[in-house]
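Have a look at input20.cif; it's mmCIF, N, CA and C atoms:
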```
data_target
#
loop_
_atom_site.label_atom_id
_atom_site.label_comp_id
_atom_site.auth_asym_id
_atom_site.auth_seq_id
_atom_site.Cartn_x
_atom_site.Cartn_y
_atom_site.Cartn_z
N MET A 12 24.97 22.45 8.01
CA MET A 12 23.66 22.31 7.38
C MET A 12 23.07 20.95 7.74
N ILE A 13 21.77 20.93 7.88
CA ILE A 13 21.07 19.71 8.29
C ILE A 13 20.24 19.18 7.11
N LEU A 14 20.45 17.91 6.77
CA LEU A 14 19.68 17.27 5.71
C LEU A 14 18.27 16.96 6.20
N PRO A 15 17.29 16.99 5.30
CA PRO A 15 15.94 16.59 5.68
C PRO A 15 15.91 15.11 6.07
N LEU A 16 14.97 14.74 6.91
CA LEU A 16 14.77 13.36 7.32
C LEU A 16 14.61 12.47 6.09
N GLY A 17 15.34 11.39 6.02
CA GLY A 17 15.21 10.43 4.92
C GLY A 17 15.67 10.94 3.58
N PHE A 18 16.52 11.96 3.57
CA PHE A 18 16.94 12.57 2.31
C PHE A 18 17.84 11.63 1.52
N ALA A 19 17.61 11.59 0.20
CA ALA A 19 18.47 10.83 -0.70
C ALA A 19 18.29 11.36 -2.12
N ARG A 20 19.30 11.17 -2.93
CA ARG A 20 19.21 11.50 -4.35
C ARG A 20 18.68 10.26 -5.06
N VAL A 21 17.60 10.44 -5.84
CA VAL A 21 17.04 9.33 -6.61
C VAL A 21 17.81 9.19 -7.91
N ASP A 22 18.02 10.31 -8.59
CA ASP A 22 18.90 10.35 -9.76
C ASP A 22 19.48 11.76 -9.82
N GLY A 23 20.08 12.12 -10.92
CA GLY A 23 20.78 13.39 -11.01
C GLY A 23 19.99 14.62 -10.64
N SER A 24 18.69 14.63 -10.87
CA SER A 24 17.91 15.85 -10.63
C SER A 24 16.63 15.60 -9.83
N LEU A 25 16.52 14.44 -9.22
CA LEU A 25 15.36 14.12 -8.39
C LEU A 25 15.84 13.67 -7.02
N TYR A 26 15.26 14.32 -6.00
CA TYR A 26 15.58 14.02 -4.61
C TYR A 26 14.32 13.59 -3.88
N ARG A 27 14.50 12.89 -2.75
CA ARG A 27 13.37 12.46 -1.94
C ARG A 27 13.68 12.72 -0.48
N SER A 28 12.63 12.90 0.32
CA SER A 28 12.84 13.10 1.75
C SER A 28 11.50 13.04 2.48
N GLY A 29 11.61 13.16 3.81
CA GLY A 29 10.43 13.43 4.62
C GLY A 29 10.11 14.91 4.51
N TYR A 30 9.07 15.34 5.20
CA TYR A 30 8.65 16.74 5.16
C TYR A 30 9.82 17.65 5.54
N PRO A 31 10.14 18.63 4.71
CA PRO A 31 11.28 19.50 4.99
C PRO A 31 11.07 20.36 6.24
N ALA A 32 11.90 20.15 7.24
CA ALA A 32 11.85 20.96 8.46
C ALA A 32 12.52 22.29 8.20
N ASN A 33 12.16 23.30 8.98
CA ASN A 33 12.78 24.62 8.83
C ASN A 33 14.29 24.55 8.93
N LYS A 34 14.80 23.70 9.81
CA LYS A 34 16.26 23.62 10.00
C LYS A 34 16.97 22.98 8.82
N SER A 35 16.23 22.36 7.90
CA SER A 35 16.86 21.76 6.71
C SER A 35 16.75 22.64 5.47
N LEU A 36 16.10 23.78 5.58
CA LEU A 36 15.91 24.65 4.41
C LEU A 36 17.22 25.23 3.89
N ASP A 37 18.19 25.46 4.76
CA ASP A 37 19.50 25.93 4.28
C ASP A 37 20.12 24.90 3.35
N TYR A 38 20.04 23.64 3.73
CA TYR A 38 20.59 22.59 2.86
C TYR A 38 19.80 22.50 1.56
N ILE A 39 18.48 22.53 1.67
CA ILE A 39 17.62 22.44 0.48
C ILE A 39 17.95 23.57 -0.50
N SER A 40 18.30 24.73 0.02
CA SER A 40 18.65 25.87 -0.84
C SER A 40 19.86 25.58 -1.72
N THR A 41 20.72 24.68 -1.31
CA THR A 41 21.91 24.35 -2.10
C THR A 41 21.60 23.47 -3.30
N LEU A 42 20.39 22.92 -3.37
CA LEU A 42 20.04 21.97 -4.44
C LEU A 42 19.59 22.65 -5.73
N GLY A 43 19.29 23.94 -5.67
CA GLY A 43 18.83 24.65 -6.86
C GLY A 43 17.50 24.14 -7.38
N LEU A 44 16.59 23.81 -6.47
CA LEU A 44 15.31 23.22 -6.87
C LEU A 44 14.47 24.17 -7.71
N LYS A 45 13.79 23.58 -8.68
CA LYS A 45 12.78 24.31 -9.44
C LYS A 45 11.38 23.95 -8.94
N SER A 46 11.26 22.76 -8.33
CA SER A 46 9.96 22.36 -7.80
C SER A 46 10.11 21.41 -6.63
N MET A 47 9.02 21.34 -5.86
CA MET A 47 8.85 20.35 -4.80
C MET A 47 7.49 19.71 -5.02
N VAL A 48 7.40 18.41 -4.73
CA VAL A 48 6.12 17.71 -4.83
C VAL A 48 5.78 17.17 -3.45
N SER A 49 4.68 17.67 -2.90
CA SER A 49 4.19 17.21 -1.61
C SER A 49 3.13 16.14 -1.85
N LEU A 50 3.35 14.97 -1.26
CA LEU A 50 2.44 13.84 -1.47
C LEU A 50 1.45 13.67 -0.33
N ILE A 51 1.24 14.72 0.45
CA ILE A 51 0.32 14.65 1.58
C ILE A 51 -0.87 15.57 1.32
N ASN A 52 -1.83 15.51 2.21
CA ASN A 52 -2.99 16.38 2.13
C ASN A 52 -2.52 17.83 2.13
N PRO A 53 -2.94 18.64 1.16
CA PRO A 53 -2.49 20.04 1.09
C PRO A 53 -2.72 20.83 2.39
N ALA A 54 -3.73 20.48 3.15
CA ALA A 54 -4.00 21.18 4.41
C ALA A 54 -2.87 20.97 5.42
N GLU A 55 -2.06 19.92 5.23
CA GLU A 55 -0.96 19.62 6.13
C GLU A 55 0.34 20.35 5.76
N ASN A 56 0.36 21.01 4.61
CA ASN A 56 1.55 21.77 4.22
C ASN A 56 1.58 23.09 4.98
N ARG A 57 2.65 23.30 5.72
CA ARG A 57 2.76 24.49 6.56
C ARG A 57 2.94 25.74 5.72
N SER A 58 2.45 26.83 6.24
CA SER A 58 2.56 28.11 5.52
C SER A 58 4.01 28.54 5.37
N ASP A 59 4.89 28.18 6.32
CA ASP A 59 6.29 28.59 6.20
C ASP A 59 6.96 27.90 5.02
N LEU A 60 6.58 26.66 4.72
CA LEU A 60 7.15 25.99 3.55
C LEU A 60 6.63 26.64 2.26
N LYS A 61 5.36 26.97 2.25
CA LYS A 61 4.78 27.64 1.08
C LYS A 61 5.47 28.99 0.85
N GLN A 62 5.73 29.73 1.92
CA GLN A 62 6.42 31.02 1.81
C GLN A 62 7.85 30.83 1.31
N TYR A 63 8.53 29.79 1.82
CA TYR A 63 9.89 29.49 1.37
C TYR A 63 9.91 29.24 -0.13
N CYS A 64 8.97 28.43 -0.60
CA CYS A 64 8.89 28.12 -2.03
C CYS A 64 8.64 29.38 -2.85
N LYS A 65 7.70 30.19 -2.40
CA LYS A 65 7.38 31.42 -3.13
C LYS A 65 8.58 32.36 -3.17
N LYS A 66 9.24 32.52 -2.03
CA LYS A 66 10.40 33.41 -1.94
C LYS A 66 11.55 32.94 -2.84
N ASN A 67 11.69 31.63 -3.00
CA ASN A 67 12.80 31.06 -3.76
C ASN A 67 12.40 30.61 -5.16
N ASN A 68 11.21 31.05 -5.61
CA ASN A 68 10.72 30.73 -6.96
C ASN A 68 10.71 29.22 -7.23
N ILE A 69 10.23 28.47 -6.24
CA ILE A 69 10.11 27.01 -6.35
C ILE A 69 8.63 26.67 -6.46
N THR A 70 8.26 25.96 -7.51
CA THR A 70 6.88 25.52 -7.66
C THR A 70 6.60 24.42 -6.64
N LEU A 71 5.51 24.56 -5.89
CA LEU A 71 5.10 23.53 -4.95
C LEU A 71 3.86 22.84 -5.50
N LEU A 72 4.03 21.60 -5.94
CA LEU A 72 2.90 20.81 -6.42
C LEU A 72 2.34 20.03 -5.22
N GLU A 73 1.12 20.33 -4.86
CA GLU A 73 0.46 19.64 -3.75
C GLU A 73 -0.38 18.51 -4.34
N ALA A 74 0.09 17.29 -4.15
CA ALA A 74 -0.52 16.13 -4.79
C ALA A 74 -0.87 15.08 -3.75
N ASP A 75 -2.06 15.18 -3.19
CA ASP A 75 -2.52 14.22 -2.19
C ASP A 75 -2.83 12.90 -2.89
N ILE A 76 -1.85 12.00 -2.93
CA ILE A 76 -2.02 10.75 -3.66
C ILE A 76 -2.77 9.70 -2.87
N GLY A 77 -3.07 9.97 -1.60
CA GLY A 77 -3.75 8.98 -0.77
C GLY A 77 -2.77 7.93 -0.28
N VAL A 78 -3.29 6.83 0.20
CA VAL A 78 -2.46 5.76 0.75
C VAL A 78 -2.94 4.41 0.25
N ASN A 79 -2.06 3.44 0.29
CA ASN A 79 -2.44 2.05 0.04
C ASN A 79 -2.67 1.40 1.39
N LYS A 80 -3.90 0.98 1.65
CA LYS A 80 -4.23 0.37 2.92
C LYS A 80 -5.28 -0.71 2.70
N GLU A 81 -5.01 -1.87 3.23
CA GLU A 81 -5.97 -2.96 3.12
C GLU A 81 -7.18 -2.65 3.99
N PRO A 82 -8.38 -3.02 3.58
CA PRO A 82 -8.65 -3.82 2.40
C PRO A 82 -9.04 -3.04 1.16
N PHE A 83 -9.45 -1.76 1.27
CA PHE A 83 -10.05 -1.12 0.10
C PHE A 83 -9.48 0.23 -0.29
N LEU A 84 -8.43 0.69 0.32
CA LEU A 84 -7.88 2.00 -0.02
C LEU A 84 -6.67 1.84 -0.92
N SER A 85 -6.62 2.64 -1.97
CA SER A 85 -5.45 2.63 -2.84
C SER A 85 -5.16 4.06 -3.29
N MET A 86 -3.93 4.27 -3.73
CA MET A 86 -3.53 5.59 -4.19
C MET A 86 -4.41 6.04 -5.35
N LYS A 87 -4.59 7.34 -5.46
CA LYS A 87 -5.43 7.91 -6.52
C LYS A 87 -4.64 7.92 -7.83
N ALA A 88 -5.06 7.07 -8.75
CA ALA A 88 -4.32 6.88 -10.01
C ALA A 88 -4.16 8.17 -10.80
N ASP A 89 -5.18 9.02 -10.83
CA ASP A 89 -5.09 10.25 -11.60
C ASP A 89 -4.08 11.23 -10.99
N VAL A 90 -4.00 11.25 -9.67
CA VAL A 90 -3.04 12.13 -9.00
C VAL A 90 -1.62 11.59 -9.17
N VAL A 91 -1.47 10.27 -9.07
CA VAL A 91 -0.17 9.64 -9.30
C VAL A 91 0.31 9.98 -10.72
N ALA A 92 -0.60 9.88 -11.69
CA ALA A 92 -0.25 10.20 -13.08
C ALA A 92 0.18 11.66 -13.23
N SER A 93 -0.48 12.56 -12.50
CA SER A 93 -0.11 13.98 -12.60
C SER A 93 1.29 14.23 -12.01
N VAL A 94 1.64 13.50 -10.96
CA VAL A 94 2.98 13.62 -10.38
C VAL A 94 4.02 13.10 -11.37
N ILE A 95 3.74 11.97 -12.00
CA ILE A 95 4.67 11.42 -12.99
C ILE A 95 4.85 12.40 -14.14
N ASP A 96 3.76 13.00 -14.61
CA ASP A 96 3.85 14.00 -15.68
C ASP A 96 4.74 15.17 -15.24
N HIS A 97 4.56 15.61 -14.01
CA HIS A 97 5.35 16.72 -13.47
C HIS A 97 6.84 16.36 -13.47
N LEU A 98 7.16 15.15 -13.03
CA LEU A 98 8.56 14.72 -12.94
C LEU A 98 9.19 14.46 -14.30
N GLU A 99 8.39 14.13 -15.29
CA GLU A 99 8.91 13.89 -16.63
C GLU A 99 9.20 15.18 -17.39
N ASP A 100 8.67 16.29 -16.92
CA ASP A 100 8.89 17.59 -17.55
C ASP A 100 10.19 18.19 -17.00
N SER A 101 11.21 18.24 -17.82
CA SER A 101 12.53 18.68 -17.37
C SER A 101 12.53 20.12 -16.85
N SER A 102 11.54 20.91 -17.21
CA SER A 102 11.49 22.28 -16.70
C SER A 102 11.17 22.32 -15.21
N ASN A 103 10.72 21.20 -14.62
CA ASN A 103 10.41 21.12 -13.20
C ASN A 103 11.57 20.57 -12.37
N LEU A 104 12.67 20.27 -13.02
CA LEU A 104 13.81 19.65 -12.35
C LEU A 104 14.92 20.66 -12.15
N PRO A 105 15.67 20.54 -11.08
CA PRO A 105 15.64 19.56 -10.01
C PRO A 105 14.38 19.69 -9.14
N CYS A 106 14.00 18.55 -8.56
CA CYS A 106 12.76 18.46 -7.79
C CYS A 106 12.98 17.63 -6.53
N LEU A 107 12.32 18.05 -5.45
CA LEU A 107 12.30 17.29 -4.19
C LEU A 107 10.91 16.71 -4.02
N LEU A 108 10.84 15.41 -3.91
CA LEU A 108 9.59 14.67 -3.71
C LEU A 108 9.53 14.29 -2.24
N PHE A 109 8.43 14.61 -1.54
CA PHE A 109 8.38 14.30 -0.11
C PHE A 109 6.97 13.97 0.36
N CYS A 110 6.93 13.23 1.47
CA CYS A 110 5.69 12.99 2.20
C CYS A 110 6.00 13.26 3.67
N SER A 111 5.14 12.88 4.56
CA SER A 111 5.35 13.23 5.97
C SER A 111 6.64 12.64 6.53
N ASN A 112 6.94 11.38 6.23
CA ASN A 112 8.14 10.77 6.80
C ASN A 112 9.15 10.31 5.74
N GLY A 113 8.82 10.46 4.48
CA GLY A 113 9.73 10.08 3.40
C GLY A 113 9.78 8.60 3.11
N LYS A 114 8.86 7.85 3.65
CA LYS A 114 8.91 6.40 3.48
C LYS A 114 7.80 5.88 2.57
N LEU A 115 6.58 5.81 3.06
CA LEU A 115 5.53 5.09 2.35
C LEU A 115 5.15 5.71 1.01
N ARG A 116 4.58 6.88 1.03
CA ARG A 116 4.11 7.49 -0.22
C ARG A 116 5.27 7.83 -1.15
N THR A 117 6.33 8.41 -0.60
CA THR A 117 7.47 8.78 -1.41
C THR A 117 8.10 7.54 -2.04
N SER A 118 8.27 6.49 -1.26
CA SER A 118 8.85 5.25 -1.79
C SER A 118 8.00 4.67 -2.91
N CYS A 119 6.69 4.70 -2.75
CA CYS A 119 5.82 4.19 -3.82
C CYS A 119 5.97 5.01 -5.09
N MET A 120 6.03 6.34 -4.96
CA MET A 120 6.18 7.19 -6.15
C MET A 120 7.54 6.97 -6.81
N VAL A 121 8.58 6.84 -6.03
CA VAL A 121 9.90 6.63 -6.60
C VAL A 121 9.93 5.29 -7.33
N GLY A 122 9.20 4.29 -6.80
CA GLY A 122 9.13 2.99 -7.44
C GLY A 122 8.42 3.01 -8.78
N TRP A 123 7.50 3.95 -8.98
CA TRP A 123 6.75 4.03 -10.24
C TRP A 123 7.72 4.41 -11.32
#
```
What would you get if you wrote out this structure as C-alpha cells?
Amino acid sequence: MILPLGFARVDGSLYRSGYPANKSLDYISTLGLKSMVSLINPAENRSDLKQYCKKNNITLLEADIGVNKEPFLSMKADVVASVIDHLEDSSNLPCLLFCSNGKLRTSCMVGW
C-alpha cells in the first residue's frame, strides 16, 4: 500500500496529507475515515475522489480557504472557522485534511 504524499497522523483521529492519489486510496481505506476536508478550490477536486468518497460513505467537505500571500491576500476567516467546526464535531472523525501538496494550507489549518 502507498501512503499519500506528506501523510502524517496529527492526533488519534485526524490525519493530514497532500491530495490523495488513486494509488494511495487502498491505504486511505484502512483509516476508517468518516470525512475528508479539501482545502483547495472545489473545481480542482477530481471526480474520481468524489466518487471514492461517495462509494465509501465519506463526507467530502470542500473548503477553499484561500492562501496567505503578501501583500494583501489572507485565508478566508469564515471558511477556516467552518473547517474548525467540522473537525471539532466528533461525528466527522476520523478525518483526512489535505491540500494540493500537504504543506502550506494544510500546515496552517493544523496549526490553528
To one decimal place in Å, what is the distance between atom CA of Gly29 of chain A and atom CA of Ser101 of chain A?
22.7 Å
Gap from atom CA of Ser93 of chain A to atom CA of Ala74 of chain A - Å, one decimal:
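These two atoms are separated by 8.1 Å.
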Write down as a PyMOL selection string the residues belonging to chain A that are assigned strand (DSSP E or B) by DSSP computed on the backbone.
chain A and resi 19-22+25-28+46-49+70-73+80+84+106-109
In Å to one decimal, how far is atom N of Leu108 of chain A from atom C of Lys61 of chain A?
15.4 Å
List the spatial neighbours of Ile76 of chain A as a PDB file with N, CA and C atoms, in the coordinates of the input - criterion: any atom at most 7 Å away, all atoms listed in the file, same-chain residues fewer than 2 positions off excluded.
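As a result, out.pdb now contains:
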```
ATOM      1  N   SER A  49       4.680  17.670  -2.900  1.00  0.00           N
ATOM      2  CA  SER A  49       4.190  17.210  -1.610  1.00  0.00           C
ATOM      3  C   SER A  49       3.130  16.140  -1.850  1.00  0.00           C
ATOM      4  N   LEU A  50       3.350  14.970  -1.260  1.00  0.00           N
ATOM      5  CA  LEU A  50       2.440  13.840  -1.470  1.00  0.00           C
ATOM      6  C   LEU A  50       1.450  13.670  -0.330  1.00  0.00           C
ATOM      7  N   ILE A  51       1.240  14.720   0.450  1.00  0.00           N
ATOM      8  CA  ILE A  51       0.320  14.650   1.580  1.00  0.00           C
ATOM      9  C   ILE A  51      -0.870  15.570   1.320  1.00  0.00           C
ATOM     10  N   ASN A  52      -1.830  15.510   2.210  1.00  0.00           N
ATOM     11  CA  ASN A  52      -2.990  16.380   2.130  1.00  0.00           C
ATOM     12  C   ASN A  52      -2.520  17.830   2.130  1.00  0.00           C
ATOM     13  N   GLU A  73       1.120  20.330  -4.860  1.00  0.00           N
ATOM     14  CA  GLU A  73       0.460  19.640  -3.750  1.00  0.00           C
ATOM     15  C   GLU A  73      -0.380  18.510  -4.340  1.00  0.00           C
ATOM     16  N   ALA A  74       0.090  17.290  -4.150  1.00  0.00           N
ATOM     17  CA  ALA A  74      -0.520  16.130  -4.790  1.00  0.00           C
ATOM     18  C   ALA A  74      -0.870  15.080  -3.750  1.00  0.00           C
ATOM     19  N   VAL A  78      -3.290   6.830   0.200  1.00  0.00           N
ATOM     20  CA  VAL A  78      -2.460   5.760   0.750  1.00  0.00           C
ATOM     21  C   VAL A  78      -2.940   4.410   0.250  1.00  0.00           C
ATOM     22  N   SER A  85      -6.620   2.640  -1.970  1.00  0.00           N
ATOM     23  CA  SER A  85      -5.450   2.630  -2.840  1.00  0.00           C
ATOM     24  C   SER A  85      -5.160   4.060  -3.290  1.00  0.00           C
ATOM     25  N   MET A  86      -3.930   4.270  -3.730  1.00  0.00           N
ATOM     26  CA  MET A  86      -3.530   5.590  -4.190  1.00  0.00           C
ATOM     27  C   MET A  86      -4.410   6.040  -5.350  1.00  0.00           C
ATOM     28  N   LYS A  87      -4.590   7.340  -5.460  1.00  0.00           N
ATOM     29  CA  LYS A  87      -5.430   7.910  -6.520  1.00  0.00           C
ATOM     30  C   LYS A  87      -4.640   7.920  -7.830  1.00  0.00           C
ATOM     31  N   ALA A  88      -5.060   7.070  -8.750  1.00  0.00           N
ATOM     32  CA  ALA A  88      -4.320   6.880 -10.010  1.00  0.00           C
ATOM     33  C   ALA A  88      -4.160   8.170 -10.800  1.00  0.00           C
ATOM     34  N   VAL A  90      -4.000  11.250  -9.670  1.00  0.00           N
ATOM     35  CA  VAL A  90      -3.040  12.130  -9.000  1.00  0.00           C
ATOM     36  C   VAL A  90      -1.620  11.590  -9.170  1.00  0.00           C
ATOM     37  N   VAL A  91      -1.470  10.270  -9.070  1.00  0.00           N
ATOM     38  CA  VAL A  91      -0.170   9.640  -9.300  1.00  0.00           C
ATOM     39  C   VAL A  91       0.310   9.980 -10.720  1.00  0.00           C
TER      40      VAL A  91
END
```
Rank A:Asp59, A:Leu42, A:Asp100, A:Pro15 by their smallest atom-to-atom distance to Ser28 of chain A, using only N, CA and C atoms, and report the top residue only.
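Checking each candidate against Ser28 of chain A, we get A:Pro15 as the closest.
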Could you pull the residues within 6 Å of Met12 of chain A, counting all atoms listed in the file, minus those fewer than 2 positions along the same chain, as a list in words?
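That gives Leu14, Asp37 and Tyr38 of chain A.
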Which of chain A counts as helix (DSSP H, G or I) under DSSP, as a ChimeraX atom specification please?
/A:33-40,53-55,58-66,88-99,101-103,115-122
Mind telling me what the PyMOL selection byres ((chain A and resi 71) around 6.5) catches here, as a count of residues only?
9
Compare A:Ser58, A:Lys65, A:Gly43, A:Pro105 by their minimum atom-to-atom distance to Leu25 of chain A, counting only N, CA and C atoms, and give me the closest one.
A:Pro105
Select, counting all atoms listed in the file, all protein, DNA and RNA residues no farther than 8 Å from (15.1, 13.2, 6.8) in file coordinates, and express the selection as a PDB file with N, CA and C atoms, in the coordinates of the input.
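What landed in out.pdb:
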```pdb
ATOM      1  N   ILE A  13      21.770  20.930   7.880  1.00  0.00           N
ATOM      2  CA  ILE A  13      21.070  19.710   8.290  1.00  0.00           C
ATOM      3  C   ILE A  13      20.240  19.180   7.110  1.00  0.00           C
ATOM      4  N   LEU A  14      20.450  17.910   6.770  1.00  0.00           N
ATOM      5  CA  LEU A  14      19.680  17.270   5.710  1.00  0.00           C
ATOM      6  C   LEU A  14      18.270  16.960   6.200  1.00  0.00           C
ATOM      7  N   PRO A  15      17.290  16.990   5.300  1.00  0.00           N
ATOM      8  CA  PRO A  15      15.940  16.590   5.680  1.00  0.00           C
ATOM      9  C   PRO A  15      15.910  15.110   6.070  1.00  0.00           C
ATOM     10  N   LEU A  16      14.970  14.740   6.910  1.00  0.00           N
ATOM     11  CA  LEU A  16      14.770  13.360   7.320  1.00  0.00           C
ATOM     12  C   LEU A  16      14.610  12.470   6.090  1.00  0.00           C
ATOM     13  N   GLY A  17      15.340  11.390   6.020  1.00  0.00           N
ATOM     14  CA  GLY A  17      15.210  10.430   4.920  1.00  0.00           C
ATOM     15  C   GLY A  17      15.670  10.940   3.580  1.00  0.00           C
ATOM     16  N   PHE A  18      16.520  11.960   3.570  1.00  0.00           N
ATOM     17  CA  PHE A  18      16.940  12.570   2.310  1.00  0.00           C
ATOM     18  C   PHE A  18      17.840  11.630   1.520  1.00  0.00           C
ATOM     19  N   ALA A  19      17.610  11.590   0.200  1.00  0.00           N
ATOM     20  CA  ALA A  19      18.470  10.830  -0.700  1.00  0.00           C
ATOM     21  C   ALA A  19      18.290  11.360  -2.120  1.00  0.00           C
ATOM     22  N   ARG A  27      14.500  12.890  -2.750  1.00  0.00           N
ATOM     23  CA  ARG A  27      13.370  12.460  -1.940  1.00  0.00           C
ATOM     24  C   ARG A  27      13.680  12.720  -0.480  1.00  0.00           C
ATOM     25  N   SER A  28      12.630  12.900   0.320  1.00  0.00           N
ATOM     26  CA  SER A  28      12.840  13.100   1.750  1.00  0.00           C
ATOM     27  C   SER A  28      11.500  13.040   2.480  1.00  0.00           C
ATOM     28  N   GLY A  29      11.610  13.160   3.810  1.00  0.00           N
ATOM     29  CA  GLY A  29      10.430  13.430   4.620  1.00  0.00           C
ATOM     30  C   GLY A  29      10.110  14.910   4.510  1.00  0.00           C
ATOM     31  N   TYR A  30       9.070  15.340   5.200  1.00  0.00           N
ATOM     32  CA  TYR A  30       8.650  16.740   5.160  1.00  0.00           C
ATOM     33  C   TYR A  30       9.820  17.650   5.540  1.00  0.00           C
ATOM     34  N   PRO A  31      10.140  18.630   4.710  1.00  0.00           N
ATOM     35  CA  PRO A  31      11.280  19.500   4.990  1.00  0.00           C
ATOM     36  C   PRO A  31      11.070  20.360   6.240  1.00  0.00           C
ATOM     37  N   ALA A  32      11.900  20.150   7.240  1.00  0.00           N
ATOM     38  CA  ALA A  32      11.850  20.960   8.460  1.00  0.00           C
ATOM     39  C   ALA A  32      12.520  22.290   8.200  1.00  0.00           C
ATOM     40  N   ASN A 112       6.940  11.380   6.230  1.00  0.00           N
ATOM     41  CA  ASN A 112       8.140  10.770   6.800  1.00  0.00           C
ATOM     42  C   ASN A 112       9.150  10.310   5.740  1.00  0.00           C
ATOM     43  N   GLY A 113       8.820  10.460   4.480  1.00  0.00           N
ATOM     44  CA  GLY A 113       9.730  10.080   3.400  1.00  0.00           C
ATOM     45  C   GLY A 113       9.780   8.600   3.110  1.00  0.00           C
TER      46      GLY A 113
END
```
Which is closest to Leu104 of chain A among A:Ile39, A:Asp22, A:Asn33, A:Lys45, if we use all atoms listed in the file?
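The shortest atom-to-atom distance to Leu104 of chain A comes from A:Lys45.
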So, counting only C-alpha atoms, which residue among A:Asn103, A:Cys110, A:Asn56, A:Lys66 is closest to Leu44 of chain A?
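Among the listed residues, the smallest separation from Leu44 of chain A belongs to A:Asn103.
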Residue with smallest distance to Phe109 of chain A - pool A:Tyr26, A:Pro82, A:His97, A:Arg20, counting all atoms listed in the file:
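Distance minimum relative to Phe109 of chain A lands on A:Tyr26.
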Enclose all atoms of segment 16-29 of chain A listed in the file in an axis-aligned box, grow every side by 4 Å, and hand back centre and edge lengths in Å to one decimal, as lines of an AutoDock Vina configuration file.
```
center_x = 15.4
center_y = 12.5
center_z = -1.8
size_x = 18.7
size_y = 14.7
size_z = 26.3
```
